[in-house]
Amino acid sequence: MMDDSAGTPALSSRAVGLFGNLQVHYQTLLDKSTPHTGARWGLTGGLMFMFLLRIILAQGWFIICYALGIYMLNLFLAFLTPKIDPEMAEELDEAEAASESGPGLLPVKNDDEFRPFIRRLPEFKFWLNSTKAVLLSFVCSFFVVFDIPVYWPILLFYWVFLFVITMRRQIEHMVKHRYVPFANFGKQRYSRGK
């Protein structure tokens, strides 16, 4: 007679090995997609289009769409925000500011040295989290339990209101601390000599 406990570790080690292989393939795919920014965002845009088309045609799951919108707005704000907030840096006294003048702090005064803009949420993580959220929302739209009846124009109005208020506050923050979170915006361009 065979002992059942002898077969269990072999099965679990195979499952762990399979899961490890899947993780390696997933990470390899992510690593290969890193330089292809346009293709990655195109894929996410296509998934978003399919999700919104599903919402419009099914006339339901508006609360899932609203939750996705709020999450994407949160990700976008983290993408636009510097890693270390300049307002917090101003509150530090000079000794603490000198010891923490590493990467991530924006120049606060005109005589400060240049420091590159480091985002709180890097572009790749912004894309990855956005894509995962769209996929999860798309899957949730196939389950009736998530189709909570709501009056969608109120949700849309409230989301637009939140977007306008938060973007206004973020733009005021950018103007106050003189930073532009986009790499090529406002930079001087040089023409090549022949």
# chains A, B, ... in the order shown; residues from 1 in each chain; ligands from 1
>>> residues_around(residues="A:Cys65", least_positions_apart="5", cutoff="12 Å", atoms="only C-alpha atoms", output="number ranges by chain")
A: 48-49, 51-56, 59-60, 70-72, 133-141, 146-148, 150, 152, 155-156, 159
>>> residues_around(residues="stretch 165-173 of chain A", least_positions_apart="6", cutoff="9 Å", atoms="only C-alpha atoms", output="list in words")
Leu73, Leu77, Leu80, Thr81 and Tyr179 of chain A
>>> residues_around(residues="A:Phe126", least_positions_apart="4", cutoff="9 Å", atoms="only C-alpha atoms", output="NGL selection string")
:A and (72 or 75-76 or 78-79 or 121-122 or 130-131)
>>> atom_distance(atom1="atom CA of A:Lys83", atom2="atom CA of A:Phe161")
25.9 Å
>>> atom_distance(atom1="atom CA of A:Leu68", atom2="atom CA of A:Val24")
28.5 Å
>>> closest_residue(among="A:Arg178, A:Asp85, A:Pro149, A:Thr34", to="A:Ile64", atoms="only C-alpha atoms")
A:Pro149
